[in-house]
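Participant: My file is my_file05.pdb. It has PDB, C-alpha atoms:
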```pdb
ATOM      1  CA  MET A   1      41.019 -44.638 -55.752
ATOM      2  CA  THR A   2      44.094 -42.826 -57.037
ATOM      3  CA  SER A   3      44.953 -39.180 -56.684
ATOM      4  CA  SER A   4      44.517 -38.734 -60.432
ATOM      5  CA  THR A   5      40.876 -39.714 -60.058
ATOM      6  CA  ILE A   6      40.145 -36.772 -57.810
ATOM      7  CA  GLY A   7      43.192 -34.652 -58.219
ATOM      8  CA  ALA A   8      42.255 -31.930 -60.661
ATOM      9  CA  PRO A   9      40.692 -28.759 -59.338
ATOM     10  CA  GLY A  10      37.965 -27.065 -61.297
ATOM     11  CA  THR A  11      34.244 -26.825 -61.628
ATOM     12  CA  PRO A  12      31.635 -27.487 -58.969
ATOM     13  CA  ARG A  13      30.551 -30.423 -61.116
ATOM     14  CA  ARG A  14      33.982 -32.035 -60.741
ATOM     15  CA  TYR A  15      33.891 -31.335 -57.005
ATOM     16  CA  LEU A  16      30.471 -32.957 -56.639
ATOM     17  CA  HIS A  17      31.562 -35.939 -58.711
ATOM     18  CA  SER A  18      34.652 -36.408 -56.532
ATOM     19  CA  LEU A  19      32.513 -35.981 -53.415
ATOM     20  CA  TRP A  20      30.206 -38.750 -54.585
ATOM     21  CA  LEU A  21      33.112 -41.059 -55.423
ATOM     22  CA  LEU A  22      34.653 -40.599 -51.974
ATOM     23  CA  SER A  23      31.335 -41.056 -50.174
ATOM     24  CA  ALA A  24      30.524 -44.174 -52.195
ATOM     25  CA  ARG A  25      33.980 -45.532 -51.370
ATOM     26  CA  ASP A  26      33.343 -44.988 -47.659
ATOM     27  CA  LEU A  27      30.068 -46.909 -47.862
ATOM     28  CA  ARG A  28      31.595 -49.773 -49.861
ATOM     29  CA  VAL A  29      34.481 -50.131 -47.404
ATOM     30  CA  ARG A  30      32.112 -49.999 -44.433
ATOM     31  CA  TYR A  31      29.869 -52.793 -45.723
ATOM     32  CA  ALA A  32      32.300 -54.794 -47.866
ATOM     33  CA  THR A  33      32.710 -57.644 -45.347
ATOM     34  CA  SER A  34      29.250 -57.380 -43.777
ATOM     35  CA  SER A  35      26.550 -59.894 -44.626
ATOM     36  CA  LEU A  36      23.833 -57.603 -43.235
ATOM     37  CA  GLY A  37      24.971 -54.603 -45.252
ATOM     38  CA  TYR A  38      23.242 -51.317 -44.544
ATOM     39  CA  LEU A  39      21.081 -52.916 -41.839
ATOM     40  CA  TRP A  40      23.960 -52.271 -39.463
ATOM     41  CA  SER A  41      23.212 -48.547 -39.846
ATOM     42  CA  VAL A  42      19.810 -49.057 -38.204
ATOM     43  CA  LEU A  43      20.667 -51.688 -35.600
ATOM     44  CA  ASP A  44      22.330 -49.190 -33.266
ATOM     45  CA  PRO A  45      19.361 -46.779 -33.019
ATOM     46  CA  LEU A  46      16.958 -49.738 -32.862
ATOM     47  CA  VAL A  47      18.767 -51.282 -29.903
ATOM     48  CA  MET A  48      19.039 -47.898 -28.184
ATOM     49  CA  SER A  49      15.340 -47.242 -28.794
ATOM     50  CA  ALA A  50      14.380 -50.632 -27.384
ATOM     51  CA  ILE A  51      16.435 -50.041 -24.244
ATOM     52  CA  TYR A  52      15.065 -46.571 -23.560
ATOM     53  CA  TRP A  53      11.525 -47.641 -24.419
ATOM     54  CA  PHE A  54      11.778 -50.505 -21.913
ATOM     55  CA  VAL A  55      13.320 -48.333 -19.185
ATOM     56  CA  PHE A  56      10.879 -45.451 -19.538
ATOM     57  CA  THR A  57       7.694 -47.407 -20.208
ATOM     58  CA  GLN A  58       8.135 -50.714 -18.381
ATOM     59  CA  VAL A  59      10.509 -50.003 -15.485
ATOM     60  CA  PHE A  60       9.936 -46.368 -14.538
ATOM     61  CA  HIS A  61       6.929 -44.097 -14.776
ATOM     62  CA  ARG A  62       7.685 -41.867 -17.720
ATOM     63  CA  SER A  63       7.102 -38.137 -17.301
ATOM     64  CA  VAL A  64       8.819 -36.973 -20.497
ATOM     65  CA  GLY A  65       8.245 -37.443 -24.200
ATOM     66  CA  GLU A  66       5.107 -38.190 -26.186
ATOM     67  CA  ASP A  67       3.059 -41.245 -27.148
ATOM     68  CA  PRO A  68       3.778 -43.454 -28.985
ATOM     69  CA  TYR A  69       7.102 -43.155 -27.190
ATOM     70  CA  ILE A  70       8.962 -45.537 -29.497
ATOM     71  CA  VAL A  71       8.298 -43.196 -32.468
ATOM     72  CA  PHE A  72       9.199 -40.198 -30.317
ATOM     73  CA  LEU A  73      12.562 -41.870 -29.595
ATOM     74  CA  ILE A  74      13.406 -43.119 -33.067
ATOM     75  CA  VAL A  75      12.614 -39.847 -34.838
ATOM     76  CA  ALA A  76      15.416 -38.187 -32.816
ATOM     77  CA  LEU A  77      17.747 -41.158 -32.387
ATOM     78  CA  LEU A  78      18.223 -41.642 -36.116
ATOM     79  CA  PRO A  79      19.516 -38.085 -36.720
ATOM     80  CA  TRP A  80      21.512 -38.325 -33.481
ATOM     81  CA  VAL A  81      23.325 -41.386 -34.852
ATOM     82  CA  TRP A  82      24.106 -39.372 -38.005
ATOM     83  CA  PHE A  83      25.411 -36.486 -35.893
ATOM     84  CA  ASN A  84      27.424 -38.665 -33.505
ATOM     85  CA  ALA A  85      29.002 -40.816 -36.232
ATOM     86  CA  ALA A  86      29.928 -37.818 -38.388
ATOM     87  CA  VAL A  87      31.499 -35.780 -35.584
ATOM     88  CA  GLY A  88      33.410 -38.855 -34.416
ATOM     89  CA  ASP A  89      34.812 -39.356 -37.925
ATOM     90  CA  PHE A  90      35.734 -35.666 -38.250
ATOM     91  CA  THR A  91      38.488 -36.212 -35.694
ATOM     92  CA  ARG A  92      40.290 -38.516 -38.185
ATOM     93  CA  ALA A  93      39.136 -36.912 -41.451
ATOM     94  CA  PHE A  94      42.580 -35.716 -42.545
ATOM     95  CA  ILE A  95      44.772 -38.155 -40.653
ATOM     96  CA  LYS A  96      43.067 -41.233 -42.093
ATOM     97  CA  ASP A  97      43.767 -40.225 -45.719
ATOM     98  CA  ALA A  98      46.822 -38.038 -45.145
ATOM     99  CA  ARG A  99      48.547 -39.023 -48.406
ATOM    100  CA  LEU A 100      45.519 -38.156 -50.527
ATOM    101  CA  VAL A 101      44.892 -34.952 -48.595
ATOM    102  CA  ARG A 102      48.455 -33.816 -49.311
ATOM    103  CA  SER A 103      48.577 -34.894 -52.950
ATOM    104  CA  THR A 104      45.185 -33.850 -54.323
ATOM    105  CA  ALA A 105      44.475 -30.375 -55.652
ATOM    106  CA  ILE A 106      40.731 -30.522 -55.184
ATOM    107  CA  PRO A 107      39.417 -28.284 -52.349
ATOM    108  CA  ARG A 108      40.186 -30.077 -49.109
ATOM    109  CA  THR A 109      36.800 -29.306 -47.637
ATOM    110  CA  ILE A 110      35.808 -32.462 -49.514
ATOM    111  CA  TRP A 111      37.324 -34.614 -46.749
ATOM    112  CA  VAL A 112      34.769 -33.186 -44.341
ATOM    113  CA  ASN A 113      31.852 -33.073 -46.747
ATOM    114  CA  ARG A 114      32.280 -36.711 -47.791
ATOM    115  CA  ILE A 115      31.767 -37.750 -44.150
ATOM    116  CA  VAL A 116      28.613 -35.632 -43.882
ATOM    117  CA  LEU A 117      27.292 -37.130 -47.115
ATOM    118  CA  SER A 118      28.145 -40.787 -46.430
ATOM    119  CA  LYS A 119      26.701 -40.664 -42.911
ATOM    120  CA  GLY A 120      23.724 -38.757 -44.266
ATOM    121  CA  ILE A 121      23.081 -41.521 -46.793
ATOM    122  CA  GLU A 122      23.091 -44.046 -43.959
ATOM    123  CA  PHE A 123      20.567 -41.835 -42.166
ATOM    124  CA  VAL A 124      18.320 -41.843 -45.246
ATOM    125  CA  PHE A 125      18.623 -45.634 -45.427
ATOM    126  CA  SER A 126      17.365 -45.850 -41.837
ATOM    127  CA  ILE A 127      14.194 -43.778 -42.424
ATOM    128  CA  PRO A 128      12.105 -46.847 -43.480
ATOM    129  CA  VAL A 129      12.520 -48.107 -39.911
ATOM    130  CA  LEU A 130      10.878 -44.923 -38.626
ATOM    131  CA  ILE A 131       8.063 -45.330 -41.154
ATOM    132  CA  LEU A 132       7.422 -48.935 -40.068
ATOM    133  CA  PHE A 133       7.243 -48.036 -36.382
ATOM    134  CA  ALA A 134       5.015 -45.057 -37.128
ATOM    135  CA  VAL A 135       2.593 -47.259 -39.076
ATOM    136  CA  PHE A 136       2.456 -50.134 -36.582
ATOM    137  CA  SER A 137       2.192 -47.865 -33.531
ATOM    138  CA  GLY A 138      -0.553 -45.749 -35.071
ATOM    139  CA  ALA A 139       1.392 -42.508 -34.818
ATOM    140  CA  GLN A 140      -0.344 -39.362 -36.010
ATOM    141  CA  VAL A 141       1.056 -37.901 -39.227
ATOM    142  CA  THR A 142       0.460 -34.207 -40.011
ATOM    143  CA  TRP A 143       1.526 -31.597 -42.526
ATOM    144  CA  GLY A 144       4.340 -30.794 -40.113
ATOM    145  CA  LEU A 145       6.198 -33.653 -41.776
ATOM    146  CA  LEU A 146       7.127 -31.112 -44.455
ATOM    147  CA  TRP A 147       9.595 -29.674 -41.938
ATOM    148  CA  PHE A 148      11.530 -32.960 -41.969
ATOM    149  CA  PRO A 149      13.693 -32.097 -45.031
ATOM    150  CA  VAL A 150      14.311 -28.632 -43.568
ATOM    151  CA  ALA A 151      15.730 -30.323 -40.480
ATOM    152  CA  VAL A 152      17.942 -32.492 -42.710
ATOM    153  CA  VAL A 153      19.351 -29.406 -44.470
ATOM    154  CA  MET A 154      19.947 -27.632 -41.146
ATOM    155  CA  GLN A 155      21.702 -30.655 -39.690
ATOM    156  CA  ALA A 156      23.890 -31.031 -42.786
ATOM    157  CA  ALA A 157      24.907 -27.354 -42.549
ATOM    158  CA  LEU A 158      25.641 -27.760 -38.840
ATOM    159  CA  LEU A 159      27.776 -30.837 -39.473
ATOM    160  CA  VAL A 160      29.757 -29.196 -42.272
ATOM    161  CA  GLY A 161      30.519 -26.262 -39.991
ATOM    162  CA  LEU A 162      31.533 -28.517 -37.107
ATOM    163  CA  GLY A 163      33.630 -30.669 -39.433
ATOM    164  CA  LEU A 164      35.543 -27.672 -40.742
ATOM    165  CA  LEU A 165      36.281 -26.747 -37.120
ATOM    166  CA  VAL A 166      37.010 -30.173 -35.647
ATOM    167  CA  ALA A 167      38.957 -31.841 -38.466
ATOM    168  CA  PRO A 168      41.866 -29.363 -38.738
ATOM    169  CA  LEU A 169      42.063 -28.771 -34.991
ATOM    170  CA  CYS A 170      42.394 -32.512 -34.332
ATOM    171  CA  VAL A 171      45.429 -32.621 -36.641
ATOM    172  CA  LEU A 172      47.112 -29.779 -34.769
ATOM    173  CA  TYR A 173      46.010 -30.873 -31.272
ATOM    174  CA  THR A 174      45.775 -34.667 -31.093
ATOM    175  CA  ASP A 175      44.190 -34.733 -27.615
ATOM    176  CA  LEU A 176      41.046 -33.204 -29.110
ATOM    177  CA  GLU A 177      40.070 -36.606 -30.522
ATOM    178  CA  ARG A 178      39.514 -38.012 -27.024
ATOM    179  CA  THR A 179      37.986 -34.755 -25.852
ATOM    180  CA  THR A 180      35.468 -34.856 -28.710
ATOM    181  CA  ALA A 181      34.424 -38.392 -27.737
ATOM    182  CA  LEU A 182      33.752 -37.234 -24.160
ATOM    183  CA  VAL A 183      31.803 -34.199 -25.346
ATOM    184  CA  LEU A 184      29.636 -36.379 -27.584
ATOM    185  CA  ARG A 185      28.737 -38.659 -24.663
ATOM    186  CA  ALA A 186      27.648 -35.696 -22.574
ATOM    187  CA  MET A 187      25.861 -34.070 -25.494
ATOM    188  CA  PHE A 188      23.581 -37.064 -25.971
ATOM    189  CA  TYR A 189      21.991 -36.413 -22.579
ATOM    190  CA  ALA A 190      22.147 -32.642 -23.034
ATOM    191  CA  SER A 191      20.185 -32.929 -26.277
ATOM    192  CA  PRO A 192      16.419 -33.607 -26.462
ATOM    193  CA  VAL A 193      16.657 -37.206 -27.635
ATOM    194  CA  ILE A 194      14.959 -39.163 -24.835
ATOM    195  CA  TYR A 195      12.957 -36.096 -23.853
ATOM    196  CA  SER A 196      11.589 -33.066 -25.699
ATOM    197  CA  PHE A 197      12.739 -29.473 -25.491
ATOM    198  CA  ARG A 198       9.570 -28.438 -23.688
ATOM    199  CA  ASP A 199      10.249 -31.017 -20.938
ATOM    200  CA  LEU A 200      13.223 -28.937 -19.754
ATOM    201  CA  PRO A 201      12.524 -26.862 -16.618
ATOM    202  CA  ASP A 202      13.459 -23.205 -16.229
ATOM    203  CA  PRO A 203      16.163 -21.859 -16.400
ATOM    204  CA  ILE A 204      17.613 -24.930 -18.157
ATOM    205  CA  HIS A 205      14.869 -24.459 -20.731
ATOM    206  CA  MET A 206      16.426 -21.279 -22.110
ATOM    207  CA  ILE A 207      19.968 -22.617 -21.841
ATOM    208  CA  GLY A 208      18.918 -25.737 -23.739
ATOM    209  CA  ALA A 209      17.570 -23.592 -26.580
ATOM    210  CA  PHE A 210      21.168 -22.747 -27.494
ATOM    211  CA  ASN A 211      21.857 -26.373 -28.300
ATOM    212  CA  PRO A 212      21.375 -26.297 -32.102
ATOM    213  CA  LEU A 213      20.062 -29.865 -32.005
ATOM    214  CA  ALA A 214      17.081 -28.727 -29.916
ATOM    215  CA  GLY A 215      15.463 -26.867 -32.791
ATOM    216  CA  ILE A 216      16.525 -29.453 -35.355
ATOM    217  CA  PHE A 217      14.996 -32.328 -33.381
ATOM    218  CA  THR A 218      11.842 -30.250 -32.882
ATOM    219  CA  LEU A 219      11.483 -29.974 -36.668
ATOM    220  CA  TYR A 220      12.019 -33.712 -37.075
ATOM    221  CA  ARG A 221       9.274 -34.425 -34.524
ATOM    222  CA  VAL A 222       6.509 -31.963 -35.373
ATOM    223  CA  GLY A 223       5.296 -34.141 -38.237
ATOM    224  CA  PHE A 224       4.261 -36.755 -35.677
ATOM    225  CA  PHE A 225       3.813 -34.573 -32.587
ATOM    226  CA  PRO A 226       2.510 -31.144 -33.686
ATOM    227  CA  ASP A 227       2.150 -29.927 -30.093
ATOM    228  CA  LEU A 228       5.952 -29.849 -29.825
ATOM    229  CA  TRP A 229       6.185 -26.901 -32.235
ATOM    230  CA  ASP A 230       8.216 -24.133 -30.585
ATOM    231  CA  PRO A 231       9.605 -21.235 -32.665
ATOM    232  CA  VAL A 232      12.209 -20.240 -30.042
ATOM    233  CA  PRO A 233      14.608 -23.209 -30.304
ATOM    234  CA  ILE A 234      13.983 -23.425 -34.050
ATOM    235  CA  ALA A 235      14.951 -19.780 -34.656
ATOM    236  CA  ILE A 236      18.005 -20.122 -32.410
ATOM    237  CA  SER A 237      19.020 -23.325 -34.204
ATOM    238  CA  VAL A 238      18.811 -21.616 -37.603
ATOM    239  CA  ALA A 239      21.038 -18.801 -36.373
ATOM    240  CA  MET A 240      23.499 -21.183 -34.712
ATOM    241  CA  CYS A 241      23.746 -23.473 -37.729
ATOM    242  CA  ALA A 242      24.546 -20.466 -39.926
ATOM    243  CA  GLY A 243      27.009 -19.115 -37.357
ATOM    244  CA  ILE A 244      28.812 -22.445 -36.887
ATOM    245  CA  LEU A 245      29.024 -22.939 -40.656
ATOM    246  CA  ALA A 246      30.534 -19.470 -41.092
ATOM    247  CA  ALA A 247      32.954 -20.060 -38.198
ATOM    248  CA  GLY A 248      33.969 -23.397 -39.687
ATOM    249  CA  ILE A 249      34.702 -21.895 -43.106
ATOM    250  CA  TRP A 250      36.678 -19.030 -41.539
ATOM    251  CA  THR A 251      38.693 -21.379 -39.312
ATOM    252  CA  PHE A 252      39.409 -23.872 -42.072
ATOM    253  CA  THR A 253      40.755 -21.257 -44.475
ATOM    254  CA  ARG A 254      43.248 -20.144 -41.825
ATOM    255  CA  LEU A 255      44.309 -23.586 -40.657
ATOM    256  CA  GLU A 256      44.531 -25.415 -43.990
ATOM    257  CA  ARG A 257      48.199 -24.574 -44.575
ATOM    258  CA  PRO A 258      49.384 -25.473 -41.031
ATOM    259  CA  VAL A 259      47.415 -28.741 -41.289
ATOM    260  CA  LEU A 260      49.140 -29.678 -44.539
ATOM    261  CA  LYS A 261      52.538 -29.027 -42.937
ATOM    262  CA  GLU A 262      51.601 -31.202 -39.963
ATOM    263  CA  LEU A 263      50.423 -34.078 -42.172
TER
END
```
Could you show the structure in this file as structure tokens?
Facilitator:
Amino acid sequence: MTSSTIGAPGTPRRYLHSLWLLSARDLRVRYATSSLGYLWSVLDPLVMSAIYWFVFTQVFHRSVGEDPYIVFLIVALLPWVWFNAAVGDFTRAFIKDARLVRSTAIPRTIWVNRIVLSKGIEFVFSIPVLILFAVFSGAQVTWGLLWFPVAVVMQAALLVGLGLLVAPLCVLYTDLERTTALVLRAMFYASPVIYSFRDLPDPIHMIGAFNPLAGIFTLYRVGFFPDLWDPVPIAISVAMCAGILAAGIWTFTRLERPVLKEL
């Protein structure tokens, strides 16, 4: 893809077209030499789900989560993989394509948004796995499933905000790439993936509500586990997603010029 393909600034339509081209390129490059194609995007959460299902149902007596536990796991693991993969790629968003970032006139937020979109497409491709496990395990399906797309929109907004924060800072402070990887490892266990928000004891319960993923994962799960509905983490997540998005936009506008000089 040449700079002339995406180089002219202009209408939102041109921006969206360029965003799609870049995201499609990412997906083609990712699966170009793979015989399994997009199936690789679901193997990771499947293996993780199998491990945690075995540990918490066959080895130890499980005191967290809901039944069927495999659906409880997968419905949060799939969006976690989206979150983890996107944030990990944010650390190299500008460095990886430095020449194009410098030479194109299109708004440079596109280098963050294309990661959110391409990883989001992989997440959508993995949803049939969730459907299959829900069917074969006899999981209950309720009208709460209508909250699922709301959770997707909230997570996308959260990721865009984080990307606009992380991507420029990692250009200016290279050590942040390794720091981000460590934070992501800790965040997996600090987020309600293998357990639910309501499983957290006080006072960790209220502290955990300020993890924006707590409310997002609650919305993903209520379609299968309506008893998990809790307006507190959901309301806090909405506010935090909006706040992080605003902070990301504000930070990016002030760091864009120094980033271009560094590249």
Participant: Evaluated on this file, the PyMOL selection byres ((chain A and resi 112) around 12) picks out some residues - which ones are they, written as a ChimeraX atom specification?
Facilitator: /A:19,22-23,86-97,101,107-111,113-119,156-168,248-249,252
Participant: Find, counting all atoms listed in the file, the residue in A:Asp230, A:Glu122, A:Asp44, A:Glu66 that gets nearest to Trp82 (chain A).
Facilitator: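 Using all atoms listed in the file, the shortest distance to Trp82 (chain A) belongs to A:Glu122.
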Participant: Separation of CA of Pro231 (chain A) and CA of Thr218 (chain A), in Å?
Facilitator: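 Going from CA of Pro231 (chain A) over to CA of Thr218 (chain A), I get 9.3 Å.
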Participant: Could you write out as a list in words the residues that the PyMOL selection byres ((chain A and resi 137-146) around 9) matches in the shown file?
Facilitator: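 Applying the PyMOL selection byres ((chain A and resi 137-146) around 9) to the structure shown produces Asp67, Pro68, Ile70, Val71, Leu132, Phe133, Ala134, Val135, Phe136, Trp147, Phe148, Pro149, Val150, Leu219, Tyr220, Arg221, Val222, Gly223, Phe224, Phe225, Pro226 and Trp229 of chain A.
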Participant: Please list as JSON, numbers by chain every residue within 12 Å of Val193 (chain A), counting all atoms listed in the file and excluding residues in the same chain fewer than 6 positions away.
Facilitator: {"A": [45, 48, 49, 52, 64, 65, 66, 69, 70, 71, 72, 73, 74, 75, 76, 77, 78, 79, 80, 81, 187, 199, 200, 213, 214, 215, 216, 217, 218, 220, 221]}
Participant: What does the distance between CA of Phe188 (chain A) and CA of Asn84 (chain A) come to in Å, to one decimal place?
Facilitator: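 Here the two named atoms are 8.6 Å from each other.
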Participant: Name the residues that the PyMOL selection byres ((chain A and resi 126) around 9) picks from the file above, as JSON, numbers by chain, using the file's chain letters and numbers.
Facilitator: {"A": [38, 39, 41, 42, 78, 121, 122, 123, 124, 125, 127, 128, 129, 130]}
Participant: Within 7 Å of (14.6, -28.9, -26.3) (coordinates as in the file), grab all the protein and nucleic acid residues, counting all atoms listed in the file, and write them out as a VMD selection string.
Facilitator: chain A and resid 191 to 192 196 to 198 200 208 to 209 214 to 215 233
Participant: Which distance in Å separates CA of Ala181 (chain A) and CA of His205 (chain A), to one decimal?
Facilitator: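 According to the coordinates, CA of Ala181 (chain A) and CA of His205 (chain A) are separated by 25.0 Å.
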Participant: Can you work out which one of A:Arg254, A:Arg25, A:Lys261, A:His17 has the shortest atom-to-atom distance to Ile106 (chain A), counting only C-alpha atoms?
Facilitator: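 Among the listed residues, A:His17 lies closest to Ile106 (chain A).
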Participant: Determine the nearest neighbour of Met206 (chain A) from the options A:Tyr189, A:Val232, A:Arg102, A:Val59, counting only C-alpha atoms.
Facilitator: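 Ranking A:Tyr189, A:Val232, A:Arg102, A:Val59 by distance to Met206 (chain A), first place goes to A:Val232.
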Participant: Give, as JSON, the centre coordinates and the x, y and z edge lengths in Å to one decimal for an axis-aligned box around all listed atoms of region 240-254 of chain A, padded by 3 Å on each side.
Facilitator:
```
{"center_x": 33.4, "center_y": -21.5, "center_z": -39.6, "size_x": 25.7, "size_y": 10.8, "size_z": 15.8}
```
Participant: Rank nothing, just name the residue among A:Tyr15, A:Leu176, A:Ile207, A:Asp202 nearest to Thr104 (chain A), using all atoms listed in the file.
Facilitator: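 Using all atoms listed in the file, the shortest distance to Thr104 (chain A) belongs to A:Tyr15.
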Participant: Output as a short mmCIF file (atom, residue, chain, number, x, y, z; two decimals), in the frame of the given file: region 61-88 of chain A, completed with N, CA and C atoms.
Facilitator:
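Output below, filename part_38.cif:
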```cif
data_model
loop_
_atom_site.label_atom_id
_atom_site.label_comp_id
_atom_site.auth_asym_id
_atom_site.auth_seq_id
_atom_site.Cartn_x
_atom_site.Cartn_y
_atom_site.Cartn_z
N HIS A 61 8.07 -44.88 -14.30
CA HIS A 61 6.93 -44.10 -14.78
C HIS A 61 7.46 -42.92 -15.58
N ARG A 62 7.14 -42.89 -16.83
CA ARG A 62 7.68 -41.87 -17.72
C ARG A 62 6.93 -40.56 -17.56
N SER A 63 7.71 -39.47 -17.40
CA SER A 63 7.10 -38.14 -17.30
C SER A 63 7.58 -37.22 -18.42
N VAL A 64 8.31 -37.77 -19.38
CA VAL A 64 8.82 -36.97 -20.50
C VAL A 64 8.41 -37.64 -21.81
N GLY A 65 8.53 -36.88 -22.89
CA GLY A 65 8.24 -37.44 -24.20
C GLY A 65 6.77 -37.48 -24.54
N GLU A 66 6.47 -38.11 -25.66
CA GLU A 66 5.11 -38.19 -26.19
C GLU A 66 4.78 -39.64 -26.53
N ASP A 67 3.51 -39.92 -26.73
CA ASP A 67 3.06 -41.24 -27.15
C ASP A 67 2.67 -41.23 -28.63
N PRO A 68 3.03 -42.26 -29.38
CA PRO A 68 3.78 -43.45 -28.98
C PRO A 68 5.26 -43.14 -28.77
N TYR A 69 5.76 -43.55 -27.60
CA TYR A 69 7.10 -43.16 -27.19
C TYR A 69 8.18 -43.74 -28.09
N ILE A 70 7.95 -44.92 -28.64
CA ILE A 70 8.96 -45.54 -29.50
C ILE A 70 9.20 -44.68 -30.75
N VAL A 71 8.14 -44.09 -31.31
CA VAL A 71 8.30 -43.20 -32.47
C VAL A 71 8.98 -41.90 -32.03
N PHE A 72 8.57 -41.40 -30.87
CA PHE A 72 9.20 -40.20 -30.32
C PHE A 72 10.71 -40.39 -30.18
N LEU A 73 11.14 -41.57 -29.74
CA LEU A 73 12.56 -41.87 -29.60
C LEU A 73 13.27 -41.99 -30.94
N ILE A 74 12.71 -42.81 -31.81
CA ILE A 74 13.41 -43.12 -33.07
C ILE A 74 13.55 -41.89 -33.95
N VAL A 75 12.56 -41.00 -33.95
CA VAL A 75 12.61 -39.85 -34.84
C VAL A 75 13.75 -38.89 -34.44
N ALA A 76 14.26 -38.98 -33.22
CA ALA A 76 15.42 -38.19 -32.82
C ALA A 76 16.69 -39.02 -32.77
N LEU A 77 16.56 -40.31 -32.46
CA LEU A 77 17.75 -41.16 -32.39
C LEU A 77 18.42 -41.34 -33.74
N LEU A 78 17.64 -41.46 -34.79
CA LEU A 78 18.22 -41.64 -36.12
C LEU A 78 19.10 -40.45 -36.52
N PRO A 79 18.62 -39.21 -36.42
CA PRO A 79 19.52 -38.08 -36.72
C PRO A 79 20.64 -37.94 -35.71
N TRP A 80 20.41 -38.36 -34.45
CA TRP A 80 21.51 -38.33 -33.48
C TRP A 80 22.64 -39.26 -33.90
N VAL A 81 22.30 -40.45 -34.39
CA VAL A 81 23.32 -41.39 -34.85
C VAL A 81 24.12 -40.77 -36.01
N TRP A 82 23.43 -40.09 -36.91
CA TRP A 82 24.11 -39.37 -38.01
C TRP A 82 25.08 -38.34 -37.43
N PHE A 83 24.60 -37.54 -36.50
CA PHE A 83 25.41 -36.49 -35.89
C PHE A 83 26.61 -37.08 -35.17
N ASN A 84 26.37 -38.07 -34.32
CA ASN A 84 27.42 -38.66 -33.51
C ASN A 84 28.49 -39.34 -34.37
N ALA A 85 28.05 -40.11 -35.37
CA ALA A 85 29.00 -40.82 -36.23
C ALA A 85 29.83 -39.84 -37.06
N ALA A 86 29.20 -38.79 -37.57
CA ALA A 86 29.93 -37.82 -38.39
C ALA A 86 30.96 -37.06 -37.57
N VAL A 87 30.56 -36.54 -36.42
CA VAL A 87 31.50 -35.78 -35.58
C VAL A 87 32.65 -36.68 -35.13
N GLY A 88 32.35 -37.92 -34.79
CA GLY A 88 33.41 -38.85 -34.42
C GLY A 88 34.41 -39.07 -35.54
#
```
